[in-house]
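> Contents of my_file_19.cif (mmCIF, C-alpha atoms) are below:
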data_my_file
#
loop_
_atom_site.label_atom_id
_atom_site.label_comp_id
_atom_site.auth_asym_id
_atom_site.auth_seq_id
_atom_site.Cartn_x
_atom_site.Cartn_y
_atom_site.Cartn_z
CA MET A 47 19.46 -15.66 3.45
CA THR A 48 16.06 -17.35 3.26
CA LYS A 49 15.13 -18.18 -0.33
CA GLN A 50 12.21 -20.12 -1.71
CA ALA A 51 12.56 -22.31 -4.80
CA GLY A 52 10.57 -20.95 -7.74
CA CYS A 53 10.05 -17.48 -6.24
CA GLU A 54 10.82 -14.89 -8.92
CA LEU A 55 11.66 -12.22 -6.34
CA CYS A 56 14.20 -14.45 -4.57
CA VAL A 57 16.29 -14.43 -7.75
CA LEU A 58 15.82 -10.86 -8.87
CA SER A 59 16.78 -10.58 -12.53
CA SER A 60 15.81 -6.92 -13.15
CA PRO A 61 18.54 -4.26 -13.01
CA THR A 62 18.37 -2.63 -9.58
CA VAL A 63 18.64 1.09 -8.88
CA VAL A 64 19.58 0.41 -5.27
CA ARG A 65 20.63 -2.89 -3.76
CA ASN A 66 21.87 -3.27 -0.22
CA VAL A 67 22.02 -6.15 2.21
CA LYS A 68 18.33 -5.79 3.12
CA PHE A 69 16.33 -4.62 0.09
CA SER A 70 16.42 -3.61 -3.56
CA VAL A 71 14.75 -0.78 -5.48
CA ILE A 72 13.90 -1.32 -9.13
CA LEU A 73 12.12 0.62 -11.84
CA ALA A 74 9.37 -1.66 -13.11
CA ASP A 75 9.13 -2.25 -16.83
CA GLU A 76 5.49 -1.14 -17.14
CA ALA A 77 4.90 0.40 -20.59
CA ASN A 78 1.92 2.49 -19.47
CA TYR A 79 3.48 3.58 -16.20
CA PRO A 80 6.93 5.11 -16.58
CA GLY A 81 8.24 5.82 -13.08
CA PHE A 82 6.53 2.78 -11.53
CA ALA A 83 9.05 1.66 -8.90
CA ARG A 84 9.27 -1.27 -6.52
CA VAL A 85 10.96 -1.82 -3.18
CA ILE A 86 11.69 -5.53 -2.80
CA TRP A 87 12.82 -7.12 0.45
CA ASN A 88 15.77 -9.42 -0.31
CA GLU A 89 14.77 -12.31 1.95
CA HIS A 90 11.70 -14.38 1.28
CA VAL A 91 9.33 -12.84 3.83
CA ARG A 92 5.58 -12.86 3.34
CA GLU A 93 4.11 -9.93 5.28
CA MET A 94 5.32 -6.66 6.79
CA SER A 95 4.20 -8.04 10.16
CA ASP A 96 6.64 -10.95 9.75
CA LEU A 97 9.59 -8.54 9.85
CA ALA A 98 11.57 -7.59 12.93
CA ASP A 99 10.80 -4.03 14.07
CA ALA A 100 14.01 -2.49 12.75
CA ASP A 101 13.49 -4.12 9.36
CA ARG A 102 9.89 -3.00 9.11
CA LEU A 103 10.95 0.60 9.78
CA LEU A 104 13.64 0.22 7.13
CA VAL A 105 11.05 -0.86 4.55
CA ASN A 106 8.71 2.01 5.49
CA ASP A 107 11.60 4.42 5.15
CA ALA A 108 12.64 3.00 1.77
CA VAL A 109 9.10 3.27 0.40
CA TRP A 110 8.88 6.85 1.65
CA LYS A 111 12.22 7.77 0.04
CA VAL A 112 11.14 6.28 -3.30
CA GLU A 113 7.79 8.09 -3.07
CA GLN A 114 9.66 11.38 -2.57
CA ALA A 115 11.94 10.76 -5.57
CA VAL A 116 8.95 9.79 -7.73
CA ARG A 117 7.12 12.98 -6.77
CA GLU A 118 10.13 15.21 -7.31
CA VAL A 119 10.97 13.89 -10.76
CA MET A 120 7.73 12.52 -12.23
CA GLN A 121 5.47 15.26 -10.81
CA PRO A 122 2.42 12.99 -10.65
CA LEU A 123 -1.09 14.07 -9.74
CA LYS A 124 -1.11 11.33 -7.04
CA VAL A 125 1.13 8.55 -5.81
CA ASN A 126 -0.25 5.06 -5.21
CA VAL A 127 1.59 2.81 -2.76
CA ALA A 128 0.72 -0.85 -2.23
CA SER A 129 1.99 -4.16 -0.92
CA LEU A 130 -0.18 -6.99 -2.27
CA GLY A 131 1.80 -10.16 -3.02
CA ASN A 132 -1.10 -12.50 -3.74
CA VAL A 133 0.68 -13.94 -6.79
CA VAL A 134 4.24 -13.63 -5.50
CA PRO A 135 4.07 -13.72 -1.69
CA HIS A 136 7.55 -12.25 -1.25
CA LEU A 137 7.42 -8.84 0.41
CA HIS A 138 7.50 -6.02 -2.16
CA TRP A 139 5.99 -2.55 -2.45
CA HIS A 140 4.69 -0.80 -5.55
CA ILE A 141 5.15 2.98 -5.81
CA ILE A 142 3.18 4.26 -8.78
CA PRO A 143 2.97 7.81 -10.16
CA ARG A 144 -0.58 8.50 -11.31
CA TYR A 145 -1.87 11.12 -13.76
CA ALA A 146 -5.36 12.14 -14.87
CA ASP A 147 -4.57 10.86 -18.37
CA ASP A 148 -3.02 7.52 -17.38
CA ALA A 149 -4.55 4.23 -18.53
CA HIS A 150 -6.72 3.67 -15.43
CA PHE A 151 -7.13 6.96 -13.58
CA PRO A 152 -8.89 7.39 -11.16
CA ALA A 153 -9.20 3.60 -10.78
CA PRO A 154 -6.29 1.59 -9.39
CA VAL A 155 -3.85 0.33 -12.05
CA TRP A 156 -5.18 -3.21 -11.47
CA ALA A 157 -8.70 -2.31 -12.66
CA SER A 158 -9.79 -2.44 -16.32
CA ALA A 159 -8.08 0.17 -18.47
CA ALA A 160 -10.14 3.31 -19.14
CA ARG A 161 -8.10 4.84 -21.98
CA GLU A 162 -4.82 4.91 -23.86
CA THR A 163 -2.41 7.64 -22.87
CA ASP A 164 -1.07 9.83 -25.69
CA PRO A 165 2.17 8.09 -26.80
CA ALA A 166 3.99 11.44 -26.89
CA VAL A 167 3.03 12.09 -23.27
CA LEU A 168 4.23 8.63 -22.25
CA GLU A 169 7.46 9.25 -24.15
CA GLY A 170 7.95 12.50 -22.24
CA ARG A 171 7.50 10.67 -18.95
CA ARG A 172 9.85 7.89 -20.04
CA ALA A 173 12.48 10.52 -20.81
CA LEU A 174 12.53 11.37 -17.08
CA LEU A 175 13.62 7.88 -16.03
CA PRO A 176 17.38 8.56 -15.95
CA GLN A 177 16.65 11.51 -13.65
CA LEU A 178 14.38 9.36 -11.49
CA LYS A 179 17.08 6.71 -11.19
CA GLN A 180 19.55 9.37 -10.03
CA ALA A 181 17.05 10.87 -7.60
CA ILE A 182 16.42 7.46 -6.01
CA GLU A 183 20.16 6.78 -5.79
CA ARG A 184 20.67 10.13 -4.05
CA LYS A 185 17.93 9.39 -1.47
CA PHE A 186 19.71 6.20 -0.41
CA ALA A 187 23.23 7.59 -0.68
CA LYS A 188 22.29 9.96 2.17
CA GLN A 189 21.79 7.06 4.59
CA MET B 73 -7.47 21.05 11.70
CA THR B 74 -7.23 21.31 7.91
CA LYS B 75 -10.47 20.26 6.22
CA GLN B 76 -11.50 20.43 2.59
CA ALA B 77 -15.08 21.16 1.57
CA GLY B 78 -16.72 18.18 -0.10
CA CYS B 79 -14.12 15.65 1.07
CA GLU B 80 -15.94 12.59 2.43
CA LEU B 81 -13.00 11.63 4.65
CA CYS B 82 -12.84 15.07 6.29
CA VAL B 83 -16.31 14.42 7.74
CA LEU B 84 -16.04 10.75 8.60
CA SER B 85 -19.52 9.33 9.05
CA SER B 86 -18.63 5.64 9.58
CA PRO B 87 -18.44 4.31 13.13
CA THR B 88 -14.79 4.26 14.15
CA VAL B 89 -13.03 1.44 16.00
CA VAL B 90 -10.26 3.79 17.09
CA ARG B 91 -10.25 7.57 16.93
CA ASN B 92 -7.53 9.72 18.39
CA VAL B 93 -6.30 13.22 17.70
CA LYS B 94 -4.31 12.12 14.64
CA PHE B 95 -6.11 9.24 12.88
CA SER B 96 -9.09 6.91 12.86
CA VAL B 97 -9.44 3.18 12.22
CA ILE B 98 -12.66 1.89 10.70
CA LEU B 99 -13.98 -1.45 9.51
CA ALA B 100 -15.08 -0.91 5.92
CA ASP B 101 -18.54 -1.99 4.93
CA GLU B 102 -17.42 -4.23 2.06
CA ALA B 103 -19.86 -7.14 1.66
CA ASN B 104 -17.32 -9.43 -0.04
CA TYR B 105 -14.48 -8.53 2.30
CA PRO B 106 -15.31 -8.88 5.97
CA GLY B 107 -12.32 -7.64 7.94
CA PHE B 108 -11.40 -4.97 5.37
CA ALA B 109 -10.09 -2.14 7.58
CA ARG B 110 -8.96 1.41 6.92
CA VAL B 111 -6.61 3.78 8.70
CA ILE B 112 -7.65 7.35 7.91
CA TRP B 113 -5.57 10.39 8.75
CA ASN B 114 -7.84 13.01 10.36
CA GLU B 115 -6.43 16.07 8.62
CA HIS B 116 -6.82 16.57 4.90
CA VAL B 117 -3.34 15.53 3.75
CA ARG B 118 -2.72 14.16 0.28
CA GLU B 119 0.39 11.97 0.42
CA MET B 120 2.47 10.17 3.06
CA SER B 121 5.39 12.35 1.97
CA ASP B 122 3.38 15.45 2.93
CA LEU B 123 3.40 14.38 6.58
CA ALA B 124 5.92 15.45 9.19
CA ASP B 125 8.30 12.64 10.12
CA ALA B 126 6.68 11.81 13.46
CA ASP B 127 3.24 11.66 11.84
CA ARG B 128 4.42 9.44 9.00
CA LEU B 129 5.86 6.98 11.51
CA LEU B 130 2.58 7.08 13.42
CA VAL B 131 0.65 6.13 10.27
CA ASN B 132 3.09 3.31 9.45
CA ASP B 133 2.73 2.05 13.00
CA ALA B 134 -1.08 2.22 12.88
CA VAL B 135 -1.21 0.29 9.60
CA TRP B 136 1.12 -2.33 11.04
CA LYS B 137 -0.99 -2.70 14.20
CA VAL B 138 -4.17 -3.13 12.14
CA GLU B 139 -2.41 -5.66 9.89
CA GLN B 140 -1.45 -7.67 12.97
CA ALA B 141 -5.01 -7.63 14.34
CA VAL B 142 -6.41 -8.64 10.96
CA ARG B 143 -3.98 -11.55 10.73
CA GLU B 144 -4.63 -12.72 14.28
CA VAL B 145 -8.41 -12.73 14.02
CA MET B 146 -9.24 -13.18 10.32
CA GLN B 147 -6.42 -15.67 9.60
CA PRO B 148 -6.15 -14.64 5.94
CA LEU B 149 -3.95 -16.33 3.36
CA LYS B 150 -2.41 -12.91 2.60
CA VAL B 151 -2.82 -9.31 3.67
CA ASN B 152 -3.01 -6.52 1.10
CA VAL B 153 -2.04 -3.02 2.18
CA ALA B 154 -2.49 0.05 -0.02
CA SER B 155 -2.73 3.82 -0.03
CA LEU B 156 -4.25 5.00 -3.31
CA GLY B 157 -6.51 8.04 -2.94
CA ASN B 158 -7.08 8.82 -6.60
CA VAL B 159 -10.79 9.39 -6.02
CA VAL B 160 -10.55 10.77 -2.48
CA PRO B 161 -7.09 12.36 -2.13
CA HIS B 162 -7.23 12.39 1.66
CA LEU B 163 -4.60 10.11 3.17
CA HIS B 164 -6.03 6.68 4.02
CA TRP B 165 -4.76 3.11 4.02
CA HIS B 166 -6.61 -0.07 3.11
CA ILE B 167 -5.77 -3.25 5.04
CA ILE B 168 -7.48 -6.19 3.35
CA PRO B 169 -7.52 -9.85 4.41
CA ARG B 170 -7.31 -12.05 1.32
CA TYR B 171 -8.31 -15.69 0.86
CA ALA B 172 -7.97 -18.15 -2.02
CA ASP B 173 -11.79 -18.23 -2.32
CA ASP B 174 -12.39 -14.47 -2.16
CA ALA B 175 -14.06 -12.61 -5.03
CA HIS B 176 -10.82 -11.58 -6.77
CA PHE B 177 -7.97 -13.76 -5.54
CA PRO B 178 -5.15 -13.70 -6.61
CA ALA B 179 -5.93 -10.42 -8.37
CA PRO B 180 -6.16 -7.20 -6.36
CA VAL B 181 -9.67 -6.41 -5.06
CA TRP B 182 -9.89 -3.58 -7.62
CA ALA B 183 -9.68 -5.97 -10.61
CA SER B 184 -12.70 -7.70 -12.16
CA ALA B 185 -14.29 -10.26 -9.87
CA ALA B 186 -13.29 -13.86 -10.52
CA ARG B 187 -15.95 -15.69 -8.47
CA GLU B 188 -18.57 -15.47 -5.75
CA THR B 189 -17.49 -16.62 -2.32
CA ASP B 190 -19.72 -19.21 -0.64
CA PRO B 191 -22.20 -17.13 1.44
CA ALA B 192 -21.73 -19.45 4.43
CA VAL B 193 -17.98 -18.84 4.33
CA LEU B 194 -18.53 -15.08 4.16
CA GLU B 195 -20.96 -15.35 7.06
CA GLY B 196 -18.34 -17.19 9.09
CA ARG B 197 -15.82 -14.43 8.42
CA ARG B 198 -18.39 -11.75 9.26
CA ALA B 199 -18.98 -13.46 12.61
CA LEU B 200 -15.36 -12.64 13.50
CA LEU B 201 -15.84 -8.87 13.21
CA PRO B 202 -16.63 -8.22 16.90
CA GLN B 203 -13.39 -10.05 17.76
CA LEU B 204 -11.49 -8.06 15.15
CA LYS B 205 -12.85 -4.82 16.55
CA GLN B 206 -11.65 -5.81 20.02
CA ALA B 207 -8.26 -6.91 18.72
CA ILE B 208 -7.76 -3.55 16.99
CA GLU B 209 -8.83 -1.68 20.12
CA ARG B 210 -6.32 -3.68 22.17
CA LYS B 211 -3.47 -2.86 19.78
CA PHE B 212 -4.04 0.84 20.24
CA ALA B 213 -4.85 0.67 23.94
CA LYS B 214 -1.26 -0.49 24.46
CA GLN B 215 0.13 2.81 23.17
#
Output the file's structure as structure tokens, nothing else.


Amino acid sequence: MTKQAGCELCVLSSPTVVRNVKFSVILADEANYPGFARVIWNEHVREMSDLADADRLLVNDAVWKVEQAVREVMQPLKVNVASLGNVVPHLHWHIIPRYADDAHFPAPVWASAARETDPAVLEGRRALLPQLKQAIERKFAKQ
Amino acid sequence: MTKQAGCELCVLSSPTVVRNVKFSVILADEANYPGFARVIWNEHVREMSDLADADRLLVNDAVWKVEQAVREVMQPLKVNVASLGNVVPHLHWHIIPRYADDAHFPAPVWASAARETDPAVLEGRRALLPQLKQAIERKFAKQ
């Protein structure tokens, strides 16, 4: 497996929800965004267009499965999906449930915050995380 | 075709580089980001996971083709790919060439600007747009 010294995604320390030979799915520890998930390619690859065809389709499929699980459990107003990697150029996708009352809506989560979400609402969303974890596991168990 | 009144992507006014029965590819008019491209689904669909399987794969393929063309012609340091749609919930993908000297690098383009790019450098990138347009057309002509 190709690894790059100093790359934080080459030595994934977060607990994974799914980990197979090709990629991992994690729930990000983002206080304002319960349900924020990531699909992380295991090898140190920079861009989607650096992947072999079969691998690229596998990533697309994984992101789609996570999006479905996030929608089913978190019931967001919108899902945001992005692969950026400017800081850590190791292929990974963000899948983010968005709500009208979240910290940045309707701006992207990387913009300046617009508000604070009611802590009780955030707590309610956080309470769904065990269900989300199970829903993601089920999506990949079907493979 | 499903259209929603008031949706700016249901009545696409920008010149398209590619337009077929399913989706359109445009070059966005973003002054600081020459080469910023978008893949826009023609029908008013909200999320990738609302699409039929064949259509979802078609979108993934289109985004990947545009990413390849952007890399080949614009030679960016990194490509950013995202589907957000919080403001306009009509399925569209951003494909953005990023450079160390661009207005926001390494932050996402939706964060606060970090600098102004040298106008001569931007002009040089803008000069590549006719080539980018041709490269995108070629990718889809092969279908």

> Could you work out which residues of chain A fall inside 8 Å of chain B? Count only C-alpha atoms, and format the result as a ChimeraX atom specification.

/A:93-95,106,110,113-114,124-133,135,151-154,156-158

> Quick one: everything within 10 Å of segment 49-59 of chain A, counting only C-alpha atoms, minus sequence neighbours fewer than 3 positions away in the same chain. Send it as JSON, numbers by chain.

{"A": [62, 70, 72, 86, 87, 88, 89, 90, 91, 134, 135, 136, 137, 138]}

> Would you work out the distance separating atom CA of Phe69 of chain A from atom CA of Arg110 of chain B, expressed in Å to one decimal?

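Taking atom CA of Phe69 of chain A as the start and atom CA of Arg110 of chain B as the end point, the length is 26.9 Å.
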
> Could you write out as a list in words the residues that the PyMOL selection byres ((chain B and resi 175) around 8) matches in the shown file?

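So the PyMOL selection byres ((chain B and resi 175) around 8), applied here, picks out Asn104, Asp173, Asp174, His176, Phe177, Val181, Ala185, Ala186, Arg187, Glu188 and Thr189 of chain B.
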
> What's around Ile182 of chain A at 7 Å? Count all atoms listed in the file, leave out sequence neighbours fewer than 3 positions away in its own chain, and write the answer as a ChimeraX atom specification.

/A:112,115,178-179,185-186

> Please indicate the distance in Å from atom CA of Leu168 of chain A to atom CA of Ala77 of chain A, rounded to one decimal place.

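These two atoms are separated by 8.4 Å.
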
> Could you work out an axis-aligned box for segment 114-118 of chain B, taking every atom the file lists and adding 3 Å on each side, and report centre and edge lengths in Å to one decimal, as lines of an AutoDock Vina configuration file?


center_x = -5.3
center_y = 14.8
center_z = 5.3
size_x = 11.1
size_y = 9.6
size_z = 16.1

> What gap, in Å, lies between atom CA of Pro169 of chain B and atom CA of Ala109 of chain B?

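We find that atom CA of Pro169 of chain B and atom CA of Ala109 of chain B lie 8.7 Å from each other.
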
> Mind rebuilding segment 161-185 of chain B with N, CA and C atoms and writing that out as a compact mmCIF listing (two decimals), keeping the file's coordinate frame?


# COMPACT_ATOMS: atom_id res chain seq x y z
N PRO B 161 -8.51 12.13 -2.46
CA PRO B 161 -7.09 12.36 -2.13
C PRO B 161 -6.89 12.90 -0.71
N HIS B 162 -7.37 12.12 0.23
CA HIS B 162 -7.23 12.39 1.66
C HIS B 162 -6.61 11.13 2.22
N LEU B 163 -5.43 11.26 2.80
CA LEU B 163 -4.60 10.11 3.17
C LEU B 163 -5.36 9.02 3.93
N HIS B 164 -5.42 7.83 3.35
CA HIS B 164 -6.03 6.68 4.02
C HIS B 164 -5.38 5.41 3.49
N TRP B 165 -5.37 4.40 4.35
CA TRP B 165 -4.76 3.11 4.02
C TRP B 165 -5.81 2.01 4.10
N HIS B 166 -5.77 1.12 3.11
CA HIS B 166 -6.61 -0.07 3.11
C HIS B 166 -5.80 -1.25 3.64
N ILE B 167 -6.38 -2.01 4.56
CA ILE B 167 -5.77 -3.25 5.04
C ILE B 167 -6.81 -4.35 4.78
N ILE B 168 -6.46 -5.27 3.89
CA ILE B 168 -7.48 -6.19 3.35
C ILE B 168 -7.05 -7.65 3.54
N PRO B 169 -7.83 -8.42 4.31
CA PRO B 169 -7.52 -9.85 4.41
C PRO B 169 -7.94 -10.57 3.13
N ARG B 170 -7.03 -11.35 2.58
CA ARG B 170 -7.31 -12.05 1.32
C ARG B 170 -7.30 -13.57 1.53
N TYR B 171 -8.16 -14.23 0.77
CA TYR B 171 -8.31 -15.69 0.86
C TYR B 171 -8.38 -16.26 -0.55
N ALA B 172 -7.97 -17.51 -0.69
CA ALA B 172 -7.97 -18.15 -2.02
C ALA B 172 -9.38 -18.17 -2.63
N ASP B 173 -10.42 -18.16 -1.79
CA ASP B 173 -11.79 -18.23 -2.32
C ASP B 173 -12.47 -16.86 -2.33
N ASP B 174 -11.71 -15.77 -2.15
CA ASP B 174 -12.39 -14.47 -2.16
C ASP B 174 -12.72 -14.04 -3.60
N ALA B 175 -13.48 -12.97 -3.72
CA ALA B 175 -14.06 -12.61 -5.03
C ALA B 175 -13.03 -12.34 -6.12
N HIS B 176 -11.81 -11.97 -5.76
CA HIS B 176 -10.82 -11.58 -6.77
C HIS B 176 -9.51 -12.34 -6.73
N PHE B 177 -9.29 -13.15 -5.73
CA PHE B 177 -7.97 -13.76 -5.54
C PHE B 177 -7.51 -14.53 -6.78
N PRO B 178 -6.25 -14.45 -7.21
CA PRO B 178 -5.15 -13.70 -6.61
C PRO B 178 -5.04 -12.26 -7.10
N ALA B 179 -6.00 -11.80 -7.88
CA ALA B 179 -5.93 -10.42 -8.37
C ALA B 179 -6.21 -9.45 -7.22
N PRO B 180 -5.80 -8.21 -7.37
CA PRO B 180 -6.16 -7.20 -6.36
C PRO B 180 -7.69 -7.02 -6.31
N VAL B 181 -8.20 -6.54 -5.22
CA VAL B 181 -9.67 -6.41 -5.06
C VAL B 181 -10.27 -5.39 -6.03
N TRP B 182 -9.41 -4.60 -6.68
CA TRP B 182 -9.89 -3.58 -7.62
C TRP B 182 -10.00 -4.11 -9.05
N ALA B 183 -9.57 -5.35 -9.27
CA ALA B 183 -9.68 -5.97 -10.61
C ALA B 183 -11.11 -6.48 -10.80
N SER B 184 -11.38 -7.11 -11.94
CA SER B 184 -12.70 -7.70 -12.16
C SER B 184 -12.84 -8.93 -11.26
N ALA B 185 -14.06 -9.13 -10.77
CA ALA B 185 -14.29 -10.26 -9.87
C ALA B 185 -14.10 -11.58 -10.62
